[in-house]
>>> print(open('run-v4.tsv').read())   # TSV, C-alpha atoms
chain	number	residue	atom	x	y	z
A	1	MET	CA	111.06	219.44	-51.84
A	2	LYS	CA	109.83	216.13	-53.19
A	3	ILE	CA	112.03	213.78	-51.17
A	4	ILE	CA	110.91	210.70	-53.08
A	5	LYS	CA	112.42	212.05	-56.30
A	6	TYR	CA	115.77	212.73	-54.68
A	7	ILE	CA	115.90	209.46	-52.78
A	8	ILE	CA	117.12	207.87	-56.00
A	9	THR	CA	120.57	208.96	-54.89
A	10	PHE	CA	120.29	206.32	-52.18
A	11	PHE	CA	119.84	203.84	-55.00
A	12	LEU	CA	122.77	204.95	-57.11
A	13	PHE	CA	125.52	203.39	-55.10
A	14	PHE	CA	124.76	199.73	-55.50
A	15	SER	CA	127.27	197.55	-57.33
A	16	SER	CA	127.45	193.80	-57.52
A	17	THR	CA	131.21	194.10	-57.94
A	18	ALA	CA	131.90	196.19	-54.83
A	19	HIS	CA	134.27	194.78	-52.23
A	20	ALA	CA	135.13	195.79	-48.70
A	21	TYR	CA	138.66	196.86	-49.63
A	22	GLU	CA	137.17	199.70	-51.67
A	23	ALA	CA	136.78	202.97	-49.85
A	24	PRO	CA	133.09	203.79	-49.32
A	25	ASP	CA	133.22	206.75	-51.72
A	26	VAL	CA	134.80	204.61	-54.44
A	27	PHE	CA	132.08	202.02	-53.86
A	28	LEU	CA	129.44	204.72	-54.39
A	29	LYS	CA	131.10	206.38	-57.38
A	30	ASN	CA	131.59	203.13	-59.30
A	31	SER	CA	127.99	202.18	-58.73
A	32	VAL	CA	126.56	205.43	-60.10
A	33	VAL	CA	127.64	204.48	-63.61
A	34	GLU	CA	126.37	200.91	-63.31
A	35	VAL	CA	122.91	201.81	-62.02
A	36	SER	CA	122.47	204.86	-64.24
A	37	THR	CA	123.19	202.65	-67.24
A	38	PHE	CA	120.70	200.05	-66.02
A	39	ILE	CA	117.98	202.69	-65.65
A	40	THR	CA	118.67	204.19	-69.08
A	41	GLN	CA	118.62	200.80	-70.82
A	42	ASN	CA	115.44	199.67	-69.08
A	43	ARG	CA	113.49	202.92	-68.80
A	44	GLU	CA	110.42	201.80	-70.75
A	45	ILE	CA	109.96	198.51	-68.92
A	46	LEU	CA	110.67	200.16	-65.55
A	47	ASP	CA	107.94	202.69	-66.26
A	48	ASN	CA	105.39	200.15	-67.48
A	49	ASN	CA	106.00	196.87	-65.67
A	50	GLU	CA	105.52	197.13	-61.92
A	51	GLU	CA	106.42	193.48	-61.30
A	52	PHE	CA	109.74	193.85	-63.14
A	53	LEU	CA	110.45	197.05	-61.22
A	54	ARG	CA	109.63	195.46	-57.87
A	55	ASN	CA	111.78	192.40	-58.60
A	56	LYS	CA	114.76	194.52	-59.68
A	57	VAL	CA	114.57	196.71	-56.58
A	58	ASP	CA	114.29	193.61	-54.40
A	59	GLN	CA	117.24	191.90	-56.13
A	60	LEU	CA	119.59	194.83	-56.66
A	61	ILE	CA	118.89	197.28	-53.86
A	62	ILE	CA	117.51	195.65	-50.75
A	63	PRO	CA	120.40	193.20	-50.18
A	64	LYS	CA	122.74	196.20	-50.02
A	65	LEU	CA	120.83	197.78	-47.13
A	66	ASP	CA	121.40	196.91	-43.50
A	67	ILE	CA	117.71	196.25	-42.82
A	68	GLU	CA	118.31	195.01	-39.27
A	69	LEU	CA	120.28	198.11	-38.25
A	70	MET	CA	117.79	200.37	-39.99
A	71	SER	CA	114.95	198.62	-38.14
A	72	LYS	CA	116.64	199.17	-34.79
A	73	ILE	CA	117.20	202.84	-35.55
A	74	VAL	CA	113.68	203.62	-36.76
A	75	LEU	CA	112.06	201.88	-33.79
A	76	GLY	CA	114.47	203.16	-31.15
A	77	LYS	CA	116.23	201.03	-28.55
A	78	LYS	CA	113.35	200.97	-26.07
A	79	ASN	CA	110.84	199.65	-28.60
A	80	TRP	CA	113.34	197.25	-30.17
A	81	VAL	CA	114.31	195.52	-26.91
A	82	SER	CA	110.65	195.27	-25.85
A	83	MET	CA	109.85	193.07	-28.86
A	84	SER	CA	110.16	189.31	-29.05
A	85	VAL	CA	112.48	187.79	-31.66
A	86	PRO	CA	109.53	186.77	-33.92
A	87	GLN	CA	108.13	190.32	-33.67
A	88	ARG	CA	111.52	191.78	-34.63
A	89	LYS	CA	111.70	189.50	-37.66
A	90	ARG	CA	108.16	190.39	-38.65
A	91	PHE	CA	108.94	194.10	-38.35
A	92	GLN	CA	112.13	193.75	-40.42
A	93	LEU	CA	110.17	192.00	-43.17
A	94	ALA	CA	107.51	194.72	-43.12
A	95	PHE	CA	110.16	197.45	-43.13
A	96	ARG	CA	111.89	195.74	-46.04
A	97	GLY	CA	108.60	195.97	-47.93
A	98	LEU	CA	108.47	199.68	-47.19
A	99	MET	CA	111.99	200.11	-48.60
A	100	VAL	CA	111.04	198.22	-51.78
A	101	ARG	CA	108.05	200.53	-52.32
A	102	THR	CA	110.14	203.61	-51.60
A	103	TYR	CA	112.84	202.71	-54.10
A	104	MET	CA	110.32	201.69	-56.73
A	105	LYS	CA	109.05	205.29	-56.65
A	106	SER	CA	112.51	206.83	-56.66
A	107	LEU	CA	113.74	204.64	-59.51
A	108	THR	CA	110.97	205.75	-61.86
A	109	ALA	CA	111.59	209.41	-60.85
A	110	PHE	CA	115.27	209.35	-61.88
A	111	ASP	CA	115.96	211.79	-64.73
A	112	GLY	CA	119.68	211.30	-65.22
A	113	GLU	CA	120.76	213.89	-62.68
A	114	LYS	CA	124.43	214.03	-61.73
A	115	ILE	CA	126.11	213.45	-58.38
A	116	GLU	CA	129.31	215.20	-57.33
A	117	PHE	CA	131.15	213.47	-54.49
A	118	LEU	CA	133.10	215.51	-51.97
A	119	PRO	CA	136.57	214.34	-50.89
A	120	TYR	CA	136.10	211.43	-48.50
A	121	VAL	CA	137.38	211.86	-44.96
A	122	ALA	CA	137.55	208.67	-42.87
A	123	GLY	CA	136.10	208.84	-39.38
A	124	LYS	CA	137.38	207.35	-36.13
A	125	ARG	CA	135.61	204.04	-36.67
A	126	LYS	CA	136.81	201.83	-39.52
A	127	ASP	CA	133.48	200.04	-39.77
A	128	VAL	CA	131.29	203.15	-40.18
A	129	ALA	CA	131.54	205.71	-42.97
A	130	LYS	CA	129.92	208.95	-44.01
A	131	VAL	CA	130.16	209.94	-47.67
A	132	GLU	CA	129.10	213.44	-48.67
A	133	SER	CA	127.92	214.52	-52.11
A	134	ASN	CA	125.93	217.12	-53.98
A	135	TYR	CA	123.00	216.18	-56.19
A	136	LEU	CA	123.16	218.50	-59.21
A	137	LEU	CA	119.74	219.63	-60.41
A	138	SER	CA	118.70	222.24	-62.94
A	139	GLU	CA	117.38	224.40	-60.08
A	140	GLY	CA	120.54	224.05	-57.98
A	141	GLU	CA	122.42	221.66	-55.72
A	142	ILE	CA	121.14	219.48	-52.89
A	143	ALA	CA	123.50	218.06	-50.27
A	144	VAL	CA	123.21	214.29	-49.97
A	145	ASN	CA	125.08	212.38	-47.26
A	146	TYR	CA	125.27	208.60	-47.01
A	147	ARG	CA	125.99	206.54	-43.91
A	148	LEU	CA	127.40	203.05	-44.36
A	149	LYS	CA	128.48	200.24	-42.08
A	150	LEU	CA	130.90	197.41	-42.74
A	151	ASN	CA	129.16	194.16	-41.85
A	152	ASP	CA	130.59	190.91	-40.48
A	153	ASN	CA	131.23	189.70	-44.04
A	154	GLN	CA	133.36	192.80	-44.69
A	155	LYS	CA	130.84	194.32	-47.09
A	156	TRP	CA	129.61	197.89	-46.93
A	157	LYS	CA	125.88	198.29	-46.37
A	158	VAL	CA	123.96	201.54	-46.29
A	159	PHE	CA	121.85	202.34	-43.28
A	160	ASP	CA	120.84	205.98	-43.77
A	161	ILE	CA	120.80	208.89	-46.17
A	162	SER	CA	120.34	212.57	-45.43
A	163	ILE	CA	118.92	214.78	-48.15
A	164	ASP	CA	119.46	218.50	-47.64
A	165	GLY	CA	120.00	217.80	-43.93
A	166	ILE	CA	116.93	215.59	-43.56
A	167	SER	CA	117.61	212.02	-42.43
A	168	LEU	CA	115.41	209.38	-44.03
A	169	LEU	CA	115.51	207.22	-40.90
A	170	LYS	CA	114.80	210.11	-38.51
A	171	ASN	CA	111.69	210.90	-40.54
A	172	TYR	CA	110.50	207.31	-40.26
A	173	ARG	CA	111.45	207.19	-36.58
A	174	THR	CA	109.31	210.23	-35.79
A	175	ASP	CA	106.30	208.75	-37.61
A	176	PHE	CA	106.77	205.30	-36.12
A	177	LYS	CA	107.21	206.65	-32.58
A	178	LEU	CA	103.88	208.47	-32.80
A	179	HIS	CA	102.13	205.37	-34.16
A	180	VAL	CA	103.60	203.08	-31.47
A	181	LYS	CA	102.69	205.52	-28.70
A	182	LYS	CA	99.11	205.74	-29.94
A	183	ASP	CA	98.39	202.18	-31.14
A	184	GLY	CA	101.32	199.93	-30.24
A	185	ILE	CA	104.07	198.13	-32.14
A	186	LEU	CA	101.86	195.35	-33.49
A	187	SER	CA	99.55	197.93	-35.04
A	188	LEU	CA	102.55	199.58	-36.70
A	189	ILE	CA	103.70	196.26	-38.13
A	190	ALA	CA	100.22	195.45	-39.41
A	191	ASN	CA	99.97	198.90	-40.97
A	192	LEU	CA	103.25	198.39	-42.86
A	193	GLU	CA	102.23	194.90	-43.96
A	194	ASN	CA	98.86	196.11	-45.26
A	195	LYS	CA	100.55	198.58	-47.60
A	196	ASP	CA	102.19	195.76	-49.60
>>> encode(input="run-v4.tsv", output="structure tokens")
Amino acid sequence: MKIIKYIITFFLFFSSTAHAYEAPDVFLKNSVVEVSTFITQNREILDNNEEFLRNKVDQLIIPKLDIELMSKIVLGKKNWVSMSVPQRKRFQLAFRGLMVRTYMKSLTAFDGEKIEFLPYVAGKRKDVAKVESNYLLSEGEIAVNYRLKLNDNQKWKVFDISIDGISLLKNYRTDFKLHVKKDGILSLIANLENKD
């Protein structure tokens, strides 16, 4: 499975008009139409202008992610608490760059596929949500689950997506853990920065 192609589903839930009083699944559903329309109307420039694509991902997508929480998860508690505050900020900036590059690839791979949301079931915590869906492809369905957290400003932010049972953050965490064990956290940060 080409996970980069399907990661576009992580992109399809962003809406500038979403508010905290919306249920997480409503937030995602409403955004599918908005972003799909944006992609359709700007397909040619998205495919041919990397600077435009990068700017749009940075403006529309990244602010909707909980980069700090994602950073903590991918590094693991032990590594996170061992870092100084400046190192944490540097890592978050480098990880943000990784997310921009990831969504640039997924945006250009989007082919107008459909998403079918399953009935939303609220969990025990009011500030954390899991929304389940199926990504409908010509070759079949792929299960896509989103995890969101309500931040201090009462806005939902996404912090993970699982595609066909594979967590995006767990994949990064495995890779990062191996790198840190072998070469250290500063080497990992430098490696992410050098890919920009």
>>> residues_around(input="run-v4.tsv", residues="A:Lys89", least_positions_apart="6", cutoff="12 Å", atoms="all atoms listed in the file", output="VMD selection string")
chain A and resid 67 to 68 71 to 72 80 83 95 to 96 189
>>> atom_distance(input="run-v4.tsv", atom1="atom CA of A:Tyr120", atom2="atom CA of A:Val26")
9.1 Å
>>> residues_around(input="run-v4.tsv", residues="A:Lys177", least_positions_apart="5", cutoff="12 Å", atoms="all atoms listed in the file", output="PDB file with C-alpha atoms, keeping the file's coordinate frame")
ATOM      1  CA  ILE A  73     117.200 202.840 -35.550  1.00  0.00           C
ATOM      2  CA  VAL A  74     113.680 203.620 -36.760  1.00  0.00           C
ATOM      3  CA  LEU A  75     112.060 201.880 -33.790  1.00  0.00           C
ATOM      4  CA  GLY A  76     114.470 203.160 -31.150  1.00  0.00           C
ATOM      5  CA  LYS A  77     116.230 201.030 -28.550  1.00  0.00           C
ATOM      6  CA  LYS A  78     113.350 200.970 -26.070  1.00  0.00           C
ATOM      7  CA  ASN A  79     110.840 199.650 -28.600  1.00  0.00           C
ATOM      8  CA  TRP A  80     113.340 197.250 -30.170  1.00  0.00           C
ATOM      9  CA  LEU A 169     115.510 207.220 -40.900  1.00  0.00           C
ATOM     10  CA  LYS A 170     114.800 210.110 -38.510  1.00  0.00           C
ATOM     11  CA  ASN A 171     111.690 210.900 -40.540  1.00  0.00           C
ATOM     12  CA  TYR A 172     110.500 207.310 -40.260  1.00  0.00           C
ATOM     13  CA  LYS A 182      99.110 205.740 -29.940  1.00  0.00           C
ATOM     14  CA  ASP A 183      98.390 202.180 -31.140  1.00  0.00           C
ATOM     15  CA  GLY A 184     101.320 199.930 -30.240  1.00  0.00           C
ATOM     16  CA  ILE A 185     104.070 198.130 -32.140  1.00  0.00           C
ATOM     17  CA  SER A 187      99.550 197.930 -35.040  1.00  0.00           C
ATOM     18  CA  LEU A 188     102.550 199.580 -36.700  1.00  0.00           C
TER      19      LEU A 188
END
>>> atom_distance(input="run-v4.tsv", atom1="atom CA of A:Asn55", atom2="atom CA of A:Lys195")
16.9 Å
>>> residues_around(input="run-v4.tsv", residues="stretch 46-53 of chain A", least_positions_apart="3", cutoff="10 Å", atoms="only C-alpha atoms", output="PyMOL selection string")
chain A and resi 39-43+56-59+100-101+103-105+107-109
>>> write_last_selection(input="run-v4.tsv", atoms="C-alpha atoms", output="short mmCIF file (atom, residue, chain, number, x, y, z; two decimals), keeping the file's coordinate frame")
data_model
loop_
_atom_site.label_atom_id
_atom_site.label_comp_id
_atom_site.auth_asym_id
_atom_site.auth_seq_id
_atom_site.Cartn_x
_atom_site.Cartn_y
_atom_site.Cartn_z
CA ILE A 39 117.98 202.69 -65.65
CA THR A 40 118.67 204.19 -69.08
CA GLN A 41 118.62 200.80 -70.82
CA ASN A 42 115.44 199.67 -69.08
CA ARG A 43 113.49 202.92 -68.80
CA LYS A 56 114.76 194.52 -59.68
CA VAL A 57 114.57 196.71 -56.58
CA ASP A 58 114.29 193.61 -54.40
CA GLN A 59 117.24 191.90 -56.13
CA VAL A 100 111.04 198.22 -51.78
CA ARG A 101 108.05 200.53 -52.32
CA TYR A 103 112.84 202.71 -54.10
CA MET A 104 110.32 201.69 -56.73
CA LYS A 105 109.05 205.29 -56.65
CA LEU A 107 113.74 204.64 -59.51
CA THR A 108 110.97 205.75 -61.86
CA ALA A 109 111.59 209.41 -60.85
#
>>> atom_distance(input="run-v4.tsv", atom1="atom CA of A:Asn145", atom2="atom CA of A:Asp160")
8.4 Å
>>> residues_around(input="run-v4.tsv", residues="A:Pro119", least_positions_apart="6", cutoff="10 Å", atoms="only C-alpha atoms", output="list in words")
Asp25, Val131, Glu132 and Ser133 of chain A
>>> closest_residue(input="run-v4.tsv", among="A:Val85, A:Leu98, A:Ala122, A:Ile163", to="A:Ala143", atoms="all atoms listed in the file")
A:Ile163
>>> closest_residue(input="run-v4.tsv", among="A:Gly165, A:Leu93, A:Lys149, A:Lys157", to="A:Asn134", atoms="all atoms listed in the file")
A:Gly165
>>> closest_residue(input="run-v4.tsv", among="A:Asp152, A:Asp127, A:Asp66, A:Glu44", to="A:Met99", atoms="all atoms listed in the file")
A:Asp66
>>> decode(input="run-v4.tsv", residues="stretch 95-161 of chain A", atoms="C-alpha atoms", output="compact mmCIF listing (two decimals), in the first residue's frame")
# COMPACT_ATOMS: atom_id res chain seq x y z
CA PHE A 95 8.70 18.00 12.66
CA ARG A 96 6.37 20.67 11.31
CA GLY A 97 8.56 20.78 8.19
CA LEU A 98 8.20 17.02 7.86
CA MET A 99 4.40 17.35 8.03
CA VAL A 100 4.43 20.05 5.33
CA ARG A 101 6.43 17.79 3.01
CA THR A 102 4.19 14.82 3.76
CA TYR A 103 0.98 16.68 2.97
CA MET A 104 2.45 18.26 -0.14
CA LYS A 105 2.89 14.73 -1.51
CA SER A 106 -0.55 13.56 -0.43
CA LEU A 107 -2.30 16.62 -1.83
CA THR A 108 -0.95 16.07 -5.33
CA ALA A 109 -1.87 12.35 -5.10
CA PHE A 110 -5.56 13.03 -4.41
CA ASP A 111 -7.78 11.68 -7.19
CA GLY A 112 -11.22 12.60 -5.91
CA GLU A 113 -11.75 9.45 -3.89
CA LYS A 114 -14.71 9.32 -1.52
CA ILE A 115 -14.82 8.97 2.25
CA GLU A 116 -17.65 7.25 4.10
CA PHE A 117 -17.85 8.15 7.79
CA LEU A 118 -19.07 5.60 10.30
CA PRO A 119 -21.53 6.65 13.02
CA TYR A 120 -19.60 8.62 15.62
CA VAL A 121 -19.47 7.21 19.14
CA ALA A 122 -18.17 9.59 21.81
CA GLY A 123 -15.55 8.22 24.19
CA LYS A 124 -15.15 8.72 27.93
CA ARG A 125 -13.08 11.87 27.53
CA LYS A 126 -14.81 14.95 26.12
CA ASP A 127 -11.53 16.45 24.92
CA VAL A 128 -10.36 13.45 22.85
CA ALA A 129 -12.19 11.92 19.90
CA LYS A 130 -11.80 9.04 17.49
CA VAL A 131 -13.62 9.28 14.17
CA GLU A 132 -13.78 6.19 11.97
CA SER A 133 -14.25 6.14 8.21
CA ASN A 134 -13.72 4.11 5.08
CA TYR A 135 -11.74 5.44 2.15
CA LEU A 136 -13.53 4.20 -0.99
CA LEU A 137 -11.14 3.22 -3.78
CA SER A 138 -11.72 1.46 -7.07
CA GLU A 139 -9.88 -1.59 -5.68
CA GLY A 140 -11.84 -1.66 -2.42
CA GLU A 141 -12.17 0.06 0.94
CA ILE A 142 -9.49 1.13 3.39
CA ALA A 143 -10.30 1.85 7.03
CA VAL A 144 -9.15 5.30 8.11
CA ASN A 145 -9.39 6.41 11.74
CA TYR A 146 -8.69 9.93 12.98
CA ARG A 147 -7.73 10.96 16.50
CA LEU A 148 -8.44 14.53 17.58
CA LYS A 149 -7.96 16.57 20.73
CA LEU A 150 -9.81 19.65 21.89
CA ASN A 151 -7.23 22.30 22.73
CA ASP A 152 -7.32 25.07 25.35
CA ASN A 153 -9.02 27.38 22.82
CA GLN A 154 -11.82 24.83 22.40
CA LYS A 155 -10.79 23.92 18.86
CA TRP A 156 -10.36 20.39 17.58
CA LYS A 157 -6.87 19.53 16.37
CA VAL A 158 -5.78 16.28 14.81
CA PHE A 159 -2.88 14.40 16.32
CA ASP A 160 -2.92 11.03 14.55
CA ILE A 161 -4.41 9.02 11.73
